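Worksheet for the structure shown next.
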Amino acid sequence: MTSVAGTALTDSPQTVGTGTPSDREGTVRLTTAQALVRWMVAQRSELLDGTGLVEGTVVPLFAGVFGIFGHGNVLGLGTALYDVRDQLPTWRGQTEQGMALAAVAHAKATDRRQVMAATSSIGPGALNMVTAAGLAHANRLPVLLLPGDTFTGRGPDPVLQQVEHYGDPTTTVNDAFRPVARYFDRITRPEQLLATLPQVARVLTDPADAGPVVLALPQDVQAEEYDFPLGMFAERLHRVPRPRPDVAALAEAERILREARRPLLVLGGGARYSGARAEVLGFAEAHGVPVVETPAGRTLVPHDHPLHGGPLGIIGSTSANTLAREADVVLAVGTRLQDFTTSSWTAFAEGVRVVALNTARFDAVKHAAHPLVGDAKATLAELDTALAGWRADESWAGRAASERAGWDAHVDTLRGGVAPDGSLTYAQVVGIVNDASGPEDYVLTSSGGFPGELHGGWRSTSADAPTMDLEYGFSCMGYEVAGPWGAAMARARTHPGGLVTGLLGDGSYLMLNSDLYSAAFAGHPFVLVVCDNGGYAVIHRLQTGQGAPGFNNLLVDARGPGAPEEGGLRVDFAAHARALGCTVEEVPRQGTADDLRRAYLAARAAATQTRRPAVVVCRTHPTTWTEAGAWWEVGVPAALSGRAAFEERKTAQQRWLT
């Protein structure tokens, strides 16, 4: 017996849940909710080598469910989840957005080989998960969202938390998921699961289509019963496919690369999810091609590898950006080449050729690239064979190490502390966490100033597996608090000796913090380093850097009439984190790098001992940053001083490949 996305391991049904004996042979009578969760329990996946377990290790495809129950899911789906609580654990969240973000981070930490589900009540609970769906969609990460929905029978309409559309009674708030879902369905009959669940599995496990799946579940339909075929619940293994490229496309890619004198390999997240780390390094070494990384591809290459040119883009390094400006052919592997990677398409030289290797044709054809549609691991191996005997100029290959050495020296200076008043900087924070982290550890960030510090300044701690989640596809504030919870859950099995650390500013902490309590309550340890720099400092930098006055970003320029004077009300982050059940290490206001180092090491020890999150709180300088010298296109009004530079870059340096 086979499925759309995998292979049946056995034809016997899983003995999960109770169900009701059916009069129809070969069927079992279940509610819609029971059938859904029984199917989820039967799905299997394989882990990749480098996740801490042997490649091919079979694991549940669905590792668990995050849930906040309310009317719309507490009786139908909630009862069904209770029946399978030993096989499919349910974790209680504090915010629907936070638990769904944790689910997305769990998928990233398992290289998309395992999926978490998240369920909510109807109305506001469901809408709270839309942001997390957007993050998953932008980052191509799988998650199953199960929002409750209103009654299909409409007998009690309008129910609590139901919005009404005068001209379309079929519309509910769950339709807001459609723009941010890879696959959306509203289950209005139990038997619809037979058709939709194979598609759910396809999207969650397909390397080109991976992303959020939304199944809206009307509360009356959840409780309806149907005679489901037993074969629906046979255990199935979903192997991620490895499509090979078109023969002619491969030959053309070979021709383009053989003509290159200064080729550059740009490494994205798709290489990570393919498990292509060894193939990337083997290809680069065989052909003398420097390698640079996007945010999603970070830590795939050992930092000191002689062909590692550093992180690319606006928040990357001058070393990688220098190589990009001089490259004549770019082999882009598993990347969307978004604006922060390409410096709004000013990163590359005039006339550069791009070969885009990607499982998604949508991404492979962007910017008139030569599309090479296929799995990164399999296709790189084939391209390596096709290019036998070809190498780039040795002088060009040697540029990677020399350029990166210059960048490393610059980062070392920043880590030594350069704030004008002697206070701590983000670069120092990254350096201290980096120095204390080992190959089993994992670091995570998403928004504000830390993506630039982590992308540009972090040095890979493992030669075998990725150790970073830099969510910079959606740059979602608050992911840095919820994400470590999901990542810690995932890595507890694959890297039991390691620890997850989240780096964030005060703005992100205030945006979404209550799932610190969820993690503490559930016993999932990690460390958060909260840097209080007095507001939304990185946006203040963007604002004032273009010539606009500072306004409504830093606390000192966000005061309205009657608000406290400068130096007034500030949040006691240490007290707040303690109140949520975390252990806390607070660095003195005028603390030194040594003070921060002691606090971080103590927090690591406390998290491991207590099995709860530990939070480090420190003050950092609001205007000292790591800069890569790249450009980002933003709308600059003509009246601002930054307009002249905007027009120069836009007209003279921005490259549209045609």
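Chain identifiers are assigned as A, B, and so on, following the order in which chains appear in the structure tokens; residues are numbered from 1 within each chain, and ligands are numbered from 1 in order of appearance.
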
Discussion item. I'd like the contact shell of Ala327 (chain A) - 12 Å cut-off, only C-alpha atoms, skipping same-chain residues fewer than 6 positions apart - returned as an NGL selection string.
Written reply: :A and (257 or 260-266 or 289-292 or 320-321 or 347-354 or 392-393 or 396-397 or 399-400)

As a PDB file with all heavy atoms, in the first residue's frame, please: all residues of region 280-425 of chain A that backbone DSSP puts in strand (DSSP E).
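Result file is part14.pdb:
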```pdb
ATOM      1  N   VAL A 291      32.778  29.924  -0.977  1.00  0.00           N
ATOM      2  CA  VAL A 291      31.408  29.723  -0.509  1.00  0.00           C
ATOM      3  C   VAL A 291      31.035  30.846   0.451  1.00  0.00           C
ATOM      4  O   VAL A 291      31.779  31.152   1.390  1.00  0.00           O
ATOM      5  CB  VAL A 291      31.256  28.371   0.213  1.00  0.00           C
ATOM      6  CG1 VAL A 291      29.798  28.145   0.621  1.00  0.00           C
ATOM      7  CG2 VAL A 291      31.746  27.232  -0.658  1.00  0.00           C
ATOM      8  N   VAL A 292      29.873  31.458   0.225  1.00  0.00           N
ATOM      9  CA  VAL A 292      29.319  32.444   1.147  1.00  0.00           C
ATOM     10  C   VAL A 292      27.913  31.993   1.532  1.00  0.00           C
ATOM     11  O   VAL A 292      27.294  31.188   0.840  1.00  0.00           O
ATOM     12  CB  VAL A 292      29.298  33.860   0.537  1.00  0.00           C
ATOM     13  CG1 VAL A 292      30.716  34.327   0.221  1.00  0.00           C
ATOM     14  CG2 VAL A 292      28.438  33.914  -0.721  1.00  0.00           C
ATOM     15  N   GLU A 293      27.412  32.520   2.651  1.00  0.00           N
ATOM     16  CA  GLU A 293      26.163  32.011   3.221  1.00  0.00           C
ATOM     17  C   GLU A 293      25.100  33.097   3.322  1.00  0.00           C
ATOM     18  O   GLU A 293      25.401  34.257   3.614  1.00  0.00           O
ATOM     19  CB  GLU A 293      26.419  31.444   4.618  1.00  0.00           C
ATOM     20  CG  GLU A 293      27.352  30.248   4.663  1.00  0.00           C
ATOM     21  CD  GLU A 293      27.744  29.893   6.082  1.00  0.00           C
ATOM     22  OE1 GLU A 293      28.264  30.786   6.794  1.00  0.00           O
ATOM     23  OE2 GLU A 293      27.543  28.735   6.484  1.00  0.00           O
ATOM     24  N   HIS A 308      35.697  29.380   2.805  1.00  0.00           N
ATOM     25  CA  HIS A 308      34.573  30.105   3.404  1.00  0.00           C
ATOM     26  C   HIS A 308      34.832  31.599   3.312  1.00  0.00           C
ATOM     27  O   HIS A 308      35.773  32.122   3.909  1.00  0.00           O
ATOM     28  CB  HIS A 308      34.397  29.696   4.870  1.00  0.00           C
ATOM     29  CG  HIS A 308      33.235  30.356   5.532  1.00  0.00           C
ATOM     30  ND1 HIS A 308      33.241  30.729   6.858  1.00  0.00           N
ATOM     31  CD2 HIS A 308      32.016  30.706   5.059  1.00  0.00           C
ATOM     32  CE1 HIS A 308      32.089  31.282   7.166  1.00  0.00           C
ATOM     33  NE2 HIS A 308      31.325  31.272   6.087  1.00  0.00           N
ATOM     34  N   GLY A 309      33.991  32.284   2.552  1.00  0.00           N
ATOM     35  CA  GLY A 309      34.147  33.728   2.377  1.00  0.00           C
ATOM     36  C   GLY A 309      33.352  34.551   3.358  1.00  0.00           C
ATOM     37  O   GLY A 309      33.461  35.781   3.355  1.00  0.00           O
ATOM     38  N   GLY A 310      32.520  33.896   4.186  1.00  0.00           N
ATOM     39  CA  GLY A 310      31.739  34.627   5.176  1.00  0.00           C
ATOM     40  C   GLY A 310      30.280  34.768   4.794  1.00  0.00           C
ATOM     41  O   GLY A 310      29.834  34.286   3.756  1.00  0.00           O
ATOM     42  N   PRO A 311      29.509  35.451   5.642  1.00  0.00           N
ATOM     43  CA  PRO A 311      28.079  35.663   5.385  1.00  0.00           C
ATOM     44  C   PRO A 311      27.850  36.820   4.422  1.00  0.00           C
ATOM     45  O   PRO A 311      28.512  37.854   4.495  1.00  0.00           O
ATOM     46  CB  PRO A 311      27.529  35.987   6.780  1.00  0.00           C
ATOM     47  CG  PRO A 311      28.687  36.597   7.502  1.00  0.00           C
ATOM     48  CD  PRO A 311      29.916  35.921   6.982  1.00  0.00           C
ATOM     49  N   VAL A 329      30.253  34.454 -12.113  1.00  0.00           N
ATOM     50  CA  VAL A 329      29.166  33.471 -12.117  1.00  0.00           C
ATOM     51  C   VAL A 329      28.820  33.150 -10.669  1.00  0.00           C
ATOM     52  O   VAL A 329      29.711  32.910  -9.847  1.00  0.00           O
ATOM     53  CB  VAL A 329      29.559  32.178 -12.867  1.00  0.00           C
ATOM     54  CG1 VAL A 329      28.481  31.100 -12.677  1.00  0.00           C
ATOM     55  CG2 VAL A 329      29.762  32.462 -14.342  1.00  0.00           C
ATOM     56  N   VAL A 330      27.530  33.151 -10.376  1.00  0.00           N
ATOM     57  CA  VAL A 330      27.046  32.813  -9.040  1.00  0.00           C
ATOM     58  C   VAL A 330      26.238  31.523  -9.133  1.00  0.00           C
ATOM     59  O   VAL A 330      25.280  31.441  -9.911  1.00  0.00           O
ATOM     60  CB  VAL A 330      26.174  33.945  -8.461  1.00  0.00           C
ATOM     61  CG1 VAL A 330      25.470  33.484  -7.186  1.00  0.00           C
ATOM     62  CG2 VAL A 330      27.025  35.178  -8.178  1.00  0.00           C
ATOM     63  N   LEU A 331      26.641  30.528  -8.370  1.00  0.00           N
ATOM     64  CA  LEU A 331      25.863  29.299  -8.228  1.00  0.00           C
ATOM     65  C   LEU A 331      25.090  29.420  -6.921  1.00  0.00           C
ATOM     66  O   LEU A 331      25.657  29.300  -5.836  1.00  0.00           O
ATOM     67  CB  LEU A 331      26.773  28.073  -8.213  1.00  0.00           C
ATOM     68  CG  LEU A 331      26.103  26.718  -7.936  1.00  0.00           C
ATOM     69  CD1 LEU A 331      25.009  26.420  -8.957  1.00  0.00           C
ATOM     70  CD2 LEU A 331      27.135  25.595  -7.905  1.00  0.00           C
ATOM     71  N   ALA A 332      23.807  29.714  -7.009  1.00  0.00           N
ATOM     72  CA  ALA A 332      22.956  29.943  -5.842  1.00  0.00           C
ATOM     73  C   ALA A 332      22.235  28.636  -5.506  1.00  0.00           C
ATOM     74  O   ALA A 332      21.402  28.168  -6.281  1.00  0.00           O
ATOM     75  CB  ALA A 332      21.954  31.049  -6.131  1.00  0.00           C
ATOM     76  N   VAL A 333      22.540  28.066  -4.341  1.00  0.00           N
ATOM     77  CA  VAL A 333      22.016  26.760  -3.954  1.00  0.00           C
ATOM     78  C   VAL A 333      21.004  26.919  -2.830  1.00  0.00           C
ATOM     79  O   VAL A 333      21.348  27.317  -1.714  1.00  0.00           O
ATOM     80  CB  VAL A 333      23.149  25.814  -3.514  1.00  0.00           C
ATOM     81  CG1 VAL A 333      22.578  24.449  -3.117  1.00  0.00           C
ATOM     82  CG2 VAL A 333      24.177  25.661  -4.622  1.00  0.00           C
ATOM     83  N   ARG A 353      26.436  36.116 -14.270  1.00  0.00           N
ATOM     84  CA  ARG A 353      25.506  35.040 -14.608  1.00  0.00           C
ATOM     85  C   ARG A 353      25.129  34.313 -13.323  1.00  0.00           C
ATOM     86  O   ARG A 353      25.980  34.044 -12.479  1.00  0.00           O
ATOM     87  CB  ARG A 353      26.144  34.046 -15.585  1.00  0.00           C
ATOM     88  CG  ARG A 353      26.476  34.620 -16.945  1.00  0.00           C
ATOM     89  CD  ARG A 353      25.226  34.965 -17.751  1.00  0.00           C
ATOM     90  NE  ARG A 353      24.278  33.861 -17.851  1.00  0.00           N
ATOM     91  CZ  ARG A 353      24.334  32.895 -18.764  1.00  0.00           C
ATOM     92  NH1 ARG A 353      25.321  32.895 -19.647  1.00  0.00           N
ATOM     93  NH2 ARG A 353      23.424  31.941 -18.800  1.00  0.00           N
ATOM     94  N   VAL A 354      23.854  33.958 -13.192  1.00  0.00           N
ATOM     95  CA  VAL A 354      23.373  33.241 -12.009  1.00  0.00           C
ATOM     96  C   VAL A 354      22.831  31.886 -12.438  1.00  0.00           C
ATOM     97  O   VAL A 354      21.996  31.799 -13.341  1.00  0.00           O
ATOM     98  CB  VAL A 354      22.276  34.035 -11.269  1.00  0.00           C
ATOM     99  CG1 VAL A 354      21.747  33.239 -10.082  1.00  0.00           C
ATOM    100  CG2 VAL A 354      22.823  35.380 -10.797  1.00  0.00           C
ATOM    101  N   VAL A 355      23.325  30.840 -11.808  1.00  0.00           N
ATOM    102  CA  VAL A 355      22.747  29.496 -11.928  1.00  0.00           C
ATOM    103  C   VAL A 355      22.047  29.217 -10.611  1.00  0.00           C
ATOM    104  O   VAL A 355      22.679  29.194  -9.550  1.00  0.00           O
ATOM    105  CB  VAL A 355      23.826  28.430 -12.194  1.00  0.00           C
ATOM    106  CG1 VAL A 355      23.200  27.034 -12.223  1.00  0.00           C
ATOM    107  CG2 VAL A 355      24.549  28.717 -13.502  1.00  0.00           C
ATOM    108  N   ALA A 356      20.736  29.038 -10.655  1.00  0.00           N
ATOM    109  CA  ALA A 356      19.936  28.875  -9.440  1.00  0.00           C
ATOM    110  C   ALA A 356      19.507  27.425  -9.285  1.00  0.00           C
ATOM    111  O   ALA A 356      18.646  26.941 -10.026  1.00  0.00           O
ATOM    112  CB  ALA A 356      18.720  29.788  -9.472  1.00  0.00           C
ATOM    113  N   LEU A 357      20.130  26.741  -8.337  1.00  0.00           N
ATOM    114  CA  LEU A 357      19.784  25.361  -8.012  1.00  0.00           C
ATOM    115  C   LEU A 357      18.770  25.379  -6.880  1.00  0.00           C
ATOM    116  O   LEU A 357      19.070  25.818  -5.769  1.00  0.00           O
ATOM    117  CB  LEU A 357      21.046  24.587  -7.612  1.00  0.00           C
ATOM    118  CG  LEU A 357      20.856  23.216  -6.945  1.00  0.00           C
ATOM    119  CD1 LEU A 357      19.966  22.312  -7.769  1.00  0.00           C
ATOM    120  CD2 LEU A 357      22.212  22.569  -6.696  1.00  0.00           C
ATOM    121  N   ASN A 358      17.564  24.900  -7.164  1.00  0.00           N
ATOM    122  CA  ASN A 358      16.491  24.972  -6.182  1.00  0.00           C
ATOM    123  C   ASN A 358      15.459  23.898  -6.483  1.00  0.00           C
ATOM    124  O   ASN A 358      15.220  23.573  -7.660  1.00  0.00           O
ATOM    125  CB  ASN A 358      15.829  26.358  -6.207  1.00  0.00           C
ATOM    126  CG  ASN A 358      15.216  26.726  -4.879  1.00  0.00           C
ATOM    127  OD1 ASN A 358      14.260  26.103  -4.434  1.00  0.00           O
ATOM    128  ND2 ASN A 358      15.776  27.742  -4.246  1.00  0.00           N
ATOM    129  N   HIS A 370      19.684  31.017 -14.732  1.00  0.00           N
ATOM    130  CA  HIS A 370      19.537  29.722 -15.397  1.00  0.00           C
ATOM    131  C   HIS A 370      18.998  28.749 -14.364  1.00  0.00           C
ATOM    132  O   HIS A 370      19.679  28.447 -13.379  1.00  0.00           O
ATOM    133  CB  HIS A 370      20.866  29.229 -15.939  1.00  0.00           C
ATOM    134  CG  HIS A 370      20.797  27.806 -16.414  1.00  0.00           C
ATOM    135  ND1 HIS A 370      20.028  27.426 -17.494  1.00  0.00           N
ATOM    136  CD2 HIS A 370      21.361  26.662 -15.928  1.00  0.00           C
ATOM    137  CE1 HIS A 370      20.137  26.116 -17.672  1.00  0.00           C
ATOM    138  NE2 HIS A 370      20.943  25.630 -16.738  1.00  0.00           N
ATOM    139  N   PRO A 371      17.766  28.224 -14.532  1.00  0.00           N
ATOM    140  CA  PRO A 371      17.161  27.371 -13.501  1.00  0.00           C
ATOM    141  C   PRO A 371      17.694  25.948 -13.561  1.00  0.00           C
ATOM    142  O   PRO A 371      17.721  25.324 -14.627  1.00  0.00           O
ATOM    143  CB  PRO A 371      15.671  27.420 -13.829  1.00  0.00           C
ATOM    144  CG  PRO A 371      15.615  27.679 -15.302  1.00  0.00           C
ATOM    145  CD  PRO A 371      16.825  28.503 -15.636  1.00  0.00           C
ATOM    146  N   LEU A 372      18.096  25.462 -12.409  1.00  0.00           N
ATOM    147  CA  LEU A 372      18.532  24.081 -12.255  1.00  0.00           C
ATOM    148  C   LEU A 372      17.652  23.492 -11.159  1.00  0.00           C
ATOM    149  O   LEU A 372      17.944  23.615  -9.973  1.00  0.00           O
ATOM    150  CB  LEU A 372      20.010  24.031 -11.885  1.00  0.00           C
ATOM    151  CG  LEU A 372      20.742  22.693 -12.020  1.00  0.00           C
ATOM    152  CD1 LEU A 372      20.639  22.147 -13.443  1.00  0.00           C
ATOM    153  CD2 LEU A 372      22.194  22.841 -11.610  1.00  0.00           C
ATOM    154  N   VAL A 373      16.529  22.908 -11.563  1.00  0.00           N
ATOM    155  CA  VAL A 373      15.502  22.486 -10.615  1.00  0.00           C
ATOM    156  C   VAL A 373      15.805  21.066 -10.146  1.00  0.00           C
ATOM    157  O   VAL A 373      15.781  20.116 -10.938  1.00  0.00           O
ATOM    158  CB  VAL A 373      14.103  22.565 -11.251  1.00  0.00           C
ATOM    159  CG1 VAL A 373      13.034  22.120 -10.250  1.00  0.00           C
ATOM    160  CG2 VAL A 373      13.825  23.987 -11.734  1.00  0.00           C
TER     161      VAL A 373
END
```

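Reported to one decimal place, the separation of CA of Val65 (chain A) from CA of Ala234 (chain A) is 20.5 Å.
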
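Distance annotation: of A:Val280, A:Leu215, A:Leu135, A:Ala364, the residue with the minimal separation from Ala376 (chain A) is A:Val280; atom set is only C-alpha atoms.
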
Practice prompt. Name the residues in contact with Glu46 (chain A) at a cut-off of 10 Å, using only C-alpha atoms, excluding same-chain residues fewer than 6 positions from it; report them as a VMD selection string.
Written response: chain A and resid 54 to 61 113 to 114 237 to 240

Worksheet item: Can you tell me, as number ranges by chain, what residues are no more than 8 Å from region 539-552 of chain A when counting only C-alpha atoms, ignoring any on the same chain fewer than 4 positions away?
Response: A: 448, 557-559, 623, 636, 640-643

Worksheet, complete the sentence: Expressed in Å, the length from CA of Glu647 (chain A) to CA of Thr318 (chain A) is 22.3 Å

Fill in: Within 6 Å of region 587-598 of chain A using only C-alpha atoms, minus same-chain residues under 2 positions, as a ChimeraX atom specification
/A:600-601,618-619

Practice prompt. Give me the residues within 12 Å of Ser514 (chain A) as a list in words, counting only C-alpha atoms and dropping any in the same chain fewer than 5 places off.
Written response: Arg92, Gly93, Gln94, Thr95, Glu96, Gln97, Gly98, Met99, Gly478, Tyr479, Val481, Ala482, Trp485, Ser508, Tyr509, Ala519, Ala520, Phe521, His576, Ala577, Arg578, Ala579, Leu580, Gly581 and Cys582 of chain A

Keeping only N, CA, C and O atoms, write those residues as a short mmCIF file (atom, residue, chain, number, x, y, z; two decimals), in the first residue's frame.
```cif
data_model
loop_
_atom_site.label_atom_id
_atom_site.label_comp_id
_atom_site.auth_asym_id
_atom_site.auth_seq_id
_atom_site.Cartn_x
_atom_site.Cartn_y
_atom_site.Cartn_z
N ARG A 92 0.59 22.86 26.41
CA ARG A 92 -0.27 24.01 26.66
C ARG A 92 0.51 25.31 26.47
O ARG A 92 1.54 25.53 27.10
N GLY A 93 0.01 26.17 25.59
CA GLY A 93 0.63 27.47 25.37
C GLY A 93 -0.06 28.57 26.14
O GLY A 93 -1.10 28.36 26.77
N GLN A 94 0.53 29.77 26.09
CA GLN A 94 -0.06 30.95 26.71
C GLN A 94 -0.60 31.93 25.68
O GLN A 94 -1.53 32.68 25.97
N THR A 95 -0.02 31.94 24.50
CA THR A 95 -0.55 32.73 23.39
C THR A 95 -0.56 31.85 22.14
O THR A 95 0.36 31.05 21.94
N GLU A 96 -1.58 32.01 21.34
CA GLU A 96 -1.67 31.21 20.12
C GLU A 96 -0.52 31.54 19.16
O GLU A 96 0.03 30.66 18.51
N GLN A 97 -0.15 32.82 19.09
CA GLN A 97 0.96 33.18 18.22
C GLN A 97 2.25 32.54 18.72
O GLN A 97 3.02 31.97 17.94
N GLY A 98 2.49 32.62 20.02
CA GLY A 98 3.72 32.08 20.57
C GLY A 98 3.86 30.59 20.37
O GLY A 98 4.92 30.09 19.97
N MET A 99 2.78 29.85 20.61
CA MET A 99 2.90 28.39 20.47
C MET A 99 3.06 27.99 19.00
O MET A 99 3.77 27.04 18.68
N GLY A 478 9.41 38.62 18.69
CA GLY A 478 8.82 37.66 19.60
C GLY A 478 9.18 36.23 19.28
O GLY A 478 9.07 35.36 20.15
N TYR A 479 9.59 35.97 18.04
CA TYR A 479 10.05 34.62 17.69
C TYR A 479 11.22 34.21 18.56
O TYR A 479 11.41 33.04 18.86
N VAL A 481 11.61 34.56 21.64
CA VAL A 481 11.17 34.01 22.93
C VAL A 481 10.48 32.66 22.73
O VAL A 481 10.79 31.69 23.41
N ALA A 482 9.55 32.60 21.78
CA ALA A 482 8.81 31.36 21.55
C ALA A 482 9.63 30.33 20.80
O ALA A 482 9.53 29.12 21.04
N TRP A 485 11.71 27.73 22.68
CA TRP A 485 10.91 26.67 23.29
C TRP A 485 10.75 25.50 22.32
O TRP A 485 11.03 24.35 22.66
N SER A 508 11.65 43.14 21.44
CA SER A 508 11.11 41.82 21.14
C SER A 508 10.60 41.14 22.39
O SER A 508 9.57 40.44 22.36
N TYR A 509 11.29 41.31 23.51
CA TYR A 509 10.84 40.69 24.75
C TYR A 509 9.46 41.23 25.14
O TYR A 509 8.56 40.46 25.53
N ALA A 519 7.23 27.30 28.69
CA ALA A 519 8.43 26.46 28.69
C ALA A 519 8.84 26.08 30.10
O ALA A 519 9.26 24.94 30.36
N ALA A 520 8.74 27.03 31.03
CA ALA A 520 9.08 26.73 32.41
C ALA A 520 8.12 25.69 32.99
O ALA A 520 8.53 24.74 33.67
N PHE A 521 6.86 25.85 32.70
CA PHE A 521 5.84 24.93 33.19
C PHE A 521 6.06 23.52 32.63
O PHE A 521 5.89 22.52 33.33
N HIS A 576 10.37 40.53 35.93
CA HIS A 576 9.33 39.97 35.09
C HIS A 576 9.63 38.52 34.73
O HIS A 576 8.76 37.65 34.80
N ALA A 577 10.86 38.25 34.32
CA ALA A 577 11.23 36.88 33.96
C ALA A 577 11.13 35.94 35.16
O ALA A 577 10.71 34.78 35.02
N ARG A 578 11.51 36.42 36.34
CA ARG A 578 11.37 35.59 37.54
C ARG A 578 9.90 35.25 37.79
O ARG A 578 9.57 34.12 38.18
N ALA A 579 9.03 36.22 37.56
CA ALA A 579 7.60 35.99 37.79
C ALA A 579 7.03 34.95 36.85
O ALA A 579 6.02 34.31 37.16
N LEU A 580 7.69 34.73 35.70
CA LEU A 580 7.24 33.72 34.75
C LEU A 580 7.88 32.36 35.00
O LEU A 580 7.71 31.44 34.20
N GLY A 581 8.62 32.22 36.09
CA GLY A 581 9.17 30.93 36.47
C GLY A 581 10.58 30.67 36.02
O GLY A 581 11.07 29.54 36.11
N CYS A 582 11.26 31.69 35.51
CA CYS A 582 12.63 31.52 35.02
C CYS A 582 13.64 31.87 36.11
O CYS A 582 13.38 32.70 36.98
#
```

Fill in: Point-to-point distance in Å for CA of Arg85 (chain A) and CA of Phe69 (chain A)
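Distance reported for this atom pair: 14.9 Å.
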
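Residues in contact with Leu337 (chain A) at up to 9 Å, not including ones fewer than 6 positions away on its chain and judged by only C-alpha atoms, are Val266, Gly268, Thr294, Trp345, Asp363 and Lys366 of chain A.
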